[in-house]
Structures are given as structure tokens and as C-alpha cells.
Amino acid sequence: MYYDKDCPAKVGEKIAVLGYGSQGRAHALNLKESGEDVTVGLYAGSRSKARAEADGLRVSEVADAVKNATVIMVLTPDVGQARLYREAIEPNLKPGDMLMFAHGFSIHFGQIKPDAGIDVAMIAPKAPGHLVRSTYQEGAGTPSLIAVQQDATGRAHERALAYARGIGAGRAGILETNFKEETETDLFGEQAVLCGGVSALIKAGFETLVEAGYQPELAYFEVLHEMKLIVDLMYRGGLGFMRYSVSDTAEYGDYVSGPRIVDAHVKAEMKRVLTEIQDGTFAEKWIDENESGGRRRFMELRAQNAGHQVETVGAELRKMMSWLEPPDAESSAAALAAKG
């Protein structure tokens with residue numbers, strides 16, 4: 001684990017941050033406020049240009065940003081990175097440049113294959129961009145992963161550590177990994193537990209209660225709304241602190257009923273999911289879904305899930321919760337169903 005004291009004080013090179021979404025904005029602003037020379041690279045006509053300029057950042061098209069930088073961080077969606085690399089990044093890379101990522105998908109699955117004269121590294125914050133930004137502003141930071149795939153200059157690790165310090169990661173801790181480990185564990189966590197597993201568990205619990213005749217609103221509160229309380233306790237102190245904090249009845253139910261729900265069959269399916277990630281089956285399906293045009297199956301699944309009763313009931317209940325920070329229109333379930 002590395003901390004600020006283990007990192008160079010500055011990158012001291014011209015940095016191009018490609019993309020200005022959640023992570024892109026956080027990286028660019030944190031680096032700028034750490035005294036780095038930062039340019040945001042965006043495609044022509046990007047709607048993010050006005051926001052980046054309003055934030056006081058220099059903006060140029062991707063090709064120019066890459067051409068004028070020596071450290072290039074790619075923070076655009078995984079599925080479009082290969083095309084972006086071919087069209088705007090690769091033609092403008094120079095020997096000794098460092099190409100960086102916050103997720104290893106494109107490198108690990110061979111979608112991007114940089115020339116041998118390029119450093120290739122990863123700094124992957126273990127938090128969404130808004131927390132990378134807010135914790136930095138508070139004088140803290142979020143833990144990050146560091147990995148070096150290709151060390152052409154002999155300084156890739158040092159340069160990546162300096163970048164990590166610039167976004168605030170050295171204040172919290174920077175953990176060594178590699179592109180393979182980060183990619184496969186990240187995909188598995190998303191699919192089996194954090195997104196896929198939890199979503200399926202919530203829907204199954206909701207449906208079980210509603211089908212048994214209980215009010216949908218009550219079912220929503222019990223299986224989705226209160227999830228935040230439990231996850232916050234786990235986040236703060238692990239499973240033990242969660243069990244300490246809930247009632248003895250809830251703790252006992254955890255021990256005797258949890259293993260009946262997530263049983264040996266579920267773990268066997270998790271192993272199959274992991275195998276499909278490891279052998280490239282999942283990546284191949286996802287890449288094919290995007291390259292075949294239209295992402296038809298993906299859009300069907302999005303629309304199908306957006307219309308689930310747990311979403312429609314929840315949307316009405318959340319209108320009563322004035323303390324909640326409402327999501328923007330683009331991230332709502334209804335908007336996702338229509339999003340291209």
C-alpha cells in the first residue's frame with residue numbers, strides 16, 4: 001500500500017484527461033488543484049465542453065489533447081475506447097508517452113494494444129467520481145488501485161503514483177494490483193454481488209411479498225428502502241458491525257436464513273459467472289452487443305427492468321421523501337428505458 005509519502009510530489013508533465021463524466025471531471029479538477037497542467041479531451045460537439053470550461057479547465061478535441069500531452073488518461077466508456085484509440089489516440093501517441101486507464105477492460109481483453117514504446121498504467125479509484133471529488137475537497141481522498149501493464153520508460157510506476165497522488169488517492173491508500181486481477185474482480189463484483197446479485201435479490205424478495213398478498217409499498221420499504229441502512233453499517237464496520245447494530249432477531253435470522261437463500265447452488269453459479277469473465281466469454285458477448293449495432297438485447301433488458309413494479313412503486317414513494325437528493329433525469333429508471 002502506497003501513501004502520499006511514497007509518491008512523487010507531482011506528475012510535472014502535460015496531462016490529457018479524455019472524457020468529462022463522473023470520473024473525468026473528478027480527475028481533471030483534482031489534478032488541476034494539485035498544480036498539474038491538465039487539458040480535457042472531448043469529441044467535437046460534446047455537451048460536456050461547456051461544463052468543463054465553466055469549471056475553469058482547458059478543453060480541446062481528443063486528438064489535439066493527446067498530441068500535446070505526455071500522460072493520457074482514458075475515462076470514456078469501455079465499449080467505445082477501442083474505436084477512440086484507433087481514430088484519435090494511437091495516431092497522436094509519441095514514444096515515452098504514458099497511456100492510463102481507470103479500468104483494465106480494454107487492455108486485458110485486447111481491444112487496445114499500445115506500441116511497445118508506450119507506458120501503460122492504471123489508477124482506479126474505488127469510489128464513484130463525485131466521491132473522488134468531494135473527499136479531495138475535504139482534504140481526504142479515496143483508496144485507489146495501481147497497476148503497470150507496460151513499462152517502456154522505466155518510470156511507469158513512478159509516474160502512475162504521482163498521478164494517483166494528484167487525484168488525492170495517496171491520502172487514503174494506493175493498492176498494487178495488475179490489469180488482469182482488477183478487470184476480472186471488478187466485473188465479477190458488479191455482476192455477482194454489487195449490481196446483478198443485489199438487484200436480483202431485491203426483485204425476488206419484492207415479488208415474493210407481493211405475490212403473498214402484502215402491500216407493494218410495504219414490500220418496497222422492507223427489501224429496497226432499508227437496504228441503505230444495512231449497507232451503510234457494513235461499509236462502516238463490516239458484517240460484524242452490521243450484526244452488532246441490528247436487533248438480535250435480525251442477527252439470528254441472518255445466520256439461519258441467509259445461507260438458505262444464497263446456498264451452494266448460488267455459489268456454483270457465481271463460479272460459472274467468474275469462469276465466463278476469466279475466459280473472455282462475457283467480454284465477447286458485450287463487445288459483440290455493441291459492435292452489432294443498436295445494442296438491441298441490452299436496450300430490451302433495460303426497458304424490461306425499468307418497468308418492474310419495484311421501480312414504479314418506489315418512484316411514487318420517493319416523492320414523499322423530501323430529504324432525498326433526487327437523481328437527475330438522465331439516471332432515472334424511466335429515462336434509462338428510453339436512453340440510446
# chains A, B, ... in the order shown; residues from 1 in each chain; ligands from 1
call {"tool": "residues_around", "arguments": {"residues": "region 51-56 of chain A", "least_positions_apart": "4", "cutoff": "12 Å", "atoms": "only C-alpha atoms", "output": "ChimeraX atom specification"}}
result
/A:17-22,24-30,32-33,38-42,46-47,60
call {"tool": "write_last_selection", "arguments": {"atoms": "C-alpha atoms", "output": "PDB file, in the first residue's frame"}}
result
ATOM      1  CA  VAL A  17      -7.957  13.599 -19.356  1.00  0.00           C
ATOM      2  CA  LEU A  18     -10.210  12.096 -22.014  1.00  0.00           C
ATOM      3  CA  GLY A  19     -13.883  12.282 -21.084  1.00  0.00           C
ATOM      4  CA  TYR A  20     -15.735  14.523 -18.647  1.00  0.00           C
ATOM      5  CA  GLY A  21     -18.202  12.212 -16.973  1.00  0.00           C
ATOM      6  CA  SER A  22     -18.214  11.395 -13.273  1.00  0.00           C
ATOM      7  CA  GLY A  24     -13.278  12.536 -15.812  1.00  0.00           C
ATOM      8  CA  ARG A  25     -14.486  15.643 -14.033  1.00  0.00           C
ATOM      9  CA  ALA A  26     -13.108  14.482 -10.678  1.00  0.00           C
ATOM     10  CA  HIS A  27      -9.692  13.557 -12.067  1.00  0.00           C
ATOM     11  CA  ALA A  28      -9.321  16.753 -14.092  1.00  0.00           C
ATOM     12  CA  LEU A  29     -10.318  19.123 -11.294  1.00  0.00           C
ATOM     13  CA  ASN A  30      -8.330  17.321  -8.608  1.00  0.00           C
ATOM     14  CA  LYS A  32      -5.597  20.945 -11.659  1.00  0.00           C
ATOM     15  CA  GLU A  33      -5.945  21.868  -7.994  1.00  0.00           C
ATOM     16  CA  VAL A  38      -4.412  19.482 -17.414  1.00  0.00           C
ATOM     17  CA  THR A  39      -6.373  19.513 -20.660  1.00  0.00           C
ATOM     18  CA  VAL A  40      -9.747  17.815 -21.054  1.00  0.00           C
ATOM     19  CA  GLY A  41     -10.082  15.959 -24.351  1.00  0.00           C
ATOM     20  CA  LEU A  42     -13.599  15.698 -25.812  1.00  0.00           C
ATOM     21  CA  SER A  46     -19.559  17.213 -26.850  1.00  0.00           C
ATOM     22  CA  ARG A  47     -22.173  18.564 -24.467  1.00  0.00           C
ATOM     23  CA  SER A  60      -9.671  20.582 -26.822  1.00  0.00           C
TER      24      SER A  60
END
call {"tool": "closest_atom_pairs", "arguments": {"of": "region 109-218 of chain A", "to": "region 303-327 of chain A", "cutoff": "9 Å", "atoms": "only C-alpha atoms", "output": "JSON lines"}}
result
{"residue": "A:Ile202", "atom": "CA", "partner": "A:Val310", "partner_atom": "CA", "distance": 8.6}
{"residue": "A:Lys203", "atom": "CA", "partner": "A:Val310", "partner_atom": "CA", "distance": 6.9}
{"residue": "A:Phe206", "atom": "CA", "partner": "A:Val310", "partner_atom": "CA", "distance": 6.9}
{"residue": "A:Glu207", "atom": "CA", "partner": "A:Val310", "partner_atom": "CA", "distance": 8.4}
{"residue": "A:Pro216", "atom": "CA", "partner": "A:Val313", "partner_atom": "CA", "distance": 6.9}
{"residue": "A:Glu217", "atom": "CA", "partner": "A:Val313", "partner_atom": "CA", "distance": 6.4}
call {"tool": "atom_distance", "arguments": {"atom1": "CA of Ile112 (chain A)", "atom2": "CA of Gly196 (chain A)"}}
result
26.9 Å
call {"tool": "select_by_dssp", "arguments": {"residues": "region 112-172 of chain A", "states": "helix (DSSP H, G or I)", "output": "ChimeraX atom specification"}}
result
/A:129-137,156-166,169-171
call {"tool": "residues_around", "arguments": {"residues": "Gly117 (chain A)", "least_positions_apart": "4", "cutoff": "9 Å", "atoms": "only C-alpha atoms", "output": "NGL selection string"}}
result
:A and (94-97 or 150-153)
call {"tool": "closest_residue", "arguments": {"among": "A:Ile287, A:Leu161, A:Phe298, A:Ile167", "to": "Gly80 (chain A)", "atoms": "only C-alpha atoms"}}
result
A:Ile287
call {"tool": "select_by_dssp", "arguments": {"residues": "region 39-212 of chain A", "states": "strand (DSSP E)", "output": "PyMOL selection string"}}
result
chain A and resi 39-42+58-61+71-74+98-101+119-125+144-150+174-176
call {"tool": "write_last_selection", "arguments": {"atoms": "N, CA, C and O atoms", "output": "compact mmCIF listing (two decimals), in the first residue's frame"}}
result
# COMPACT_ATOMS: atom_id res chain seq x y z
N THR A 39 -5.45 19.20 -19.57
CA THR A 39 -6.37 19.51 -20.66
C THR A 39 -7.42 18.41 -20.72
O THR A 39 -7.09 17.23 -20.60
N VAL A 40 -8.66 18.79 -20.89
CA VAL A 40 -9.75 17.81 -21.05
C VAL A 40 -9.94 17.57 -22.55
O VAL A 40 -10.12 18.51 -23.32
N GLY A 41 -9.88 16.31 -22.96
CA GLY A 41 -10.08 15.96 -24.35
C GLY A 41 -11.49 15.44 -24.58
O GLY A 41 -11.91 14.48 -23.93
N LEU A 42 -12.23 16.07 -25.51
CA LEU A 42 -13.60 15.70 -25.81
C LEU A 42 -13.79 15.62 -27.32
O LEU A 42 -13.08 16.28 -28.09
N ARG A 58 -9.10 23.80 -19.38
CA ARG A 58 -8.81 23.93 -20.81
C ARG A 58 -9.37 22.71 -21.53
O ARG A 58 -9.22 21.59 -21.08
N VAL A 59 -10.03 22.93 -22.66
CA VAL A 59 -10.68 21.85 -23.40
C VAL A 59 -10.22 21.87 -24.85
O VAL A 59 -10.09 22.94 -25.46
N SER A 60 -9.96 20.69 -25.39
CA SER A 60 -9.67 20.58 -26.82
C SER A 60 -10.20 19.25 -27.33
O SER A 60 -10.63 18.40 -26.54
N GLU A 61 -10.19 19.06 -28.63
CA GLU A 61 -10.62 17.78 -29.17
C GLU A 61 -9.60 16.71 -28.81
O GLU A 61 -8.43 17.00 -28.55
N VAL A 71 1.04 12.39 -20.73
CA VAL A 71 0.28 11.47 -19.89
C VAL A 71 -1.18 11.57 -20.32
O VAL A 71 -1.77 12.65 -20.28
N ILE A 72 -1.75 10.45 -20.76
CA ILE A 72 -3.11 10.44 -21.30
C ILE A 72 -3.96 9.46 -20.49
O ILE A 72 -3.69 8.27 -20.48
N MET A 73 -4.97 9.98 -19.80
CA MET A 73 -5.88 9.15 -19.01
C MET A 73 -7.19 8.99 -19.77
O MET A 73 -7.85 9.98 -20.09
N VAL A 74 -7.55 7.74 -20.08
CA VAL A 74 -8.76 7.45 -20.83
C VAL A 74 -9.90 7.15 -19.86
O VAL A 74 -9.90 6.14 -19.16
N MET A 98 2.66 8.08 -21.64
CA MET A 98 2.02 7.11 -20.75
C MET A 98 0.52 7.12 -21.00
O MET A 98 -0.14 8.16 -20.87
N LEU A 99 -0.02 5.96 -21.36
CA LEU A 99 -1.45 5.77 -21.58
C LEU A 99 -2.03 5.15 -20.33
O LEU A 99 -1.57 4.09 -19.87
N MET A 100 -3.06 5.80 -19.76
CA MET A 100 -3.60 5.37 -18.47
C MET A 100 -5.09 5.04 -18.59
O MET A 100 -5.80 5.57 -19.45
N PHE A 101 -5.54 4.20 -17.68
CA PHE A 101 -6.94 3.79 -17.62
C PHE A 101 -7.37 3.72 -16.15
O PHE A 101 -6.54 3.62 -15.25
N ASP A 119 4.30 3.66 -22.18
CA ASP A 119 3.96 3.19 -20.84
C ASP A 119 2.45 2.97 -20.76
O ASP A 119 1.67 3.79 -21.29
N VAL A 120 2.02 1.90 -20.12
CA VAL A 120 0.60 1.62 -19.93
C VAL A 120 0.35 1.34 -18.46
O VAL A 120 0.96 0.42 -17.88
N ALA A 121 -0.50 2.14 -17.83
CA ALA A 121 -0.72 2.00 -16.39
C ALA A 121 -2.18 2.27 -16.06
O ALA A 121 -2.96 2.75 -16.90
N MET A 122 -2.54 1.96 -14.83
CA MET A 122 -3.91 2.15 -14.36
C MET A 122 -3.92 2.76 -12.97
O MET A 122 -3.14 2.36 -12.10
N ILE A 123 -4.77 3.74 -12.79
CA ILE A 123 -5.14 4.24 -11.47
C ILE A 123 -6.66 4.15 -11.40
O ILE A 123 -7.36 4.83 -12.16
N ALA A 124 -7.15 3.29 -10.53
CA ALA A 124 -8.59 3.02 -10.46
C ALA A 124 -9.13 3.36 -9.08
O ALA A 124 -9.00 2.56 -8.14
N PRO A 125 -9.72 4.55 -8.92
CA PRO A 125 -10.33 4.89 -7.61
C PRO A 125 -11.45 3.92 -7.27
O PRO A 125 -12.25 3.55 -8.13
N SER A 144 -7.34 3.83 -4.04
CA SER A 144 -7.26 3.53 -5.47
C SER A 144 -6.36 2.32 -5.69
O SER A 144 -5.55 1.96 -4.83
N LEU A 145 -6.53 1.72 -6.85
CA LEU A 145 -5.65 0.64 -7.28
C LEU A 145 -4.63 1.20 -8.26
O LEU A 145 -4.92 2.12 -9.02
N ILE A 146 -3.43 0.61 -8.26
CA ILE A 146 -2.40 0.97 -9.23
C ILE A 146 -1.93 -0.30 -9.92
O ILE A 146 -1.79 -1.35 -9.28
N ALA A 147 -1.72 -0.21 -11.22
CA ALA A 147 -1.20 -1.35 -11.98
C ALA A 147 -0.39 -0.83 -13.15
O ALA A 147 -0.71 0.21 -13.73
N VAL A 148 0.68 -1.53 -13.46
CA VAL A 148 1.51 -1.20 -14.62
C VAL A 148 1.49 -2.39 -15.57
O VAL A 148 1.90 -3.49 -15.19
N GLN A 149 1.00 -2.18 -16.77
CA GLN A 149 0.94 -3.23 -17.78
C GLN A 149 2.18 -3.24 -18.66
O GLN A 149 2.65 -4.29 -19.09
N GLN A 150 2.71 -2.04 -18.91
CA GLN A 150 3.85 -1.92 -19.82
C GLN A 150 4.74 -0.77 -19.34
O GLN A 150 4.25 0.35 -19.18
N ILE A 174 -3.04 3.50 -1.82
CA ILE A 174 -2.99 3.04 -3.20
C ILE A 174 -2.51 1.59 -3.19
O ILE A 174 -1.38 1.30 -2.79
N LEU A 175 -3.35 0.68 -3.62
CA LEU A 175 -3.08 -0.76 -3.53
C LEU A 175 -2.57 -1.30 -4.86
O LEU A 175 -3.17 -1.05 -5.91
N GLU A 176 -1.48 -2.06 -4.83
CA GLU A 176 -0.89 -2.65 -6.03
C GLU A 176 -1.72 -3.82 -6.53
O GLU A 176 -2.17 -4.66 -5.76
call {"tool": "atom_distance", "arguments": {"atom1": "CA of Leu93 (chain A)", "atom2": "CA of Ile118 (chain A)"}}
result
8.0 Å
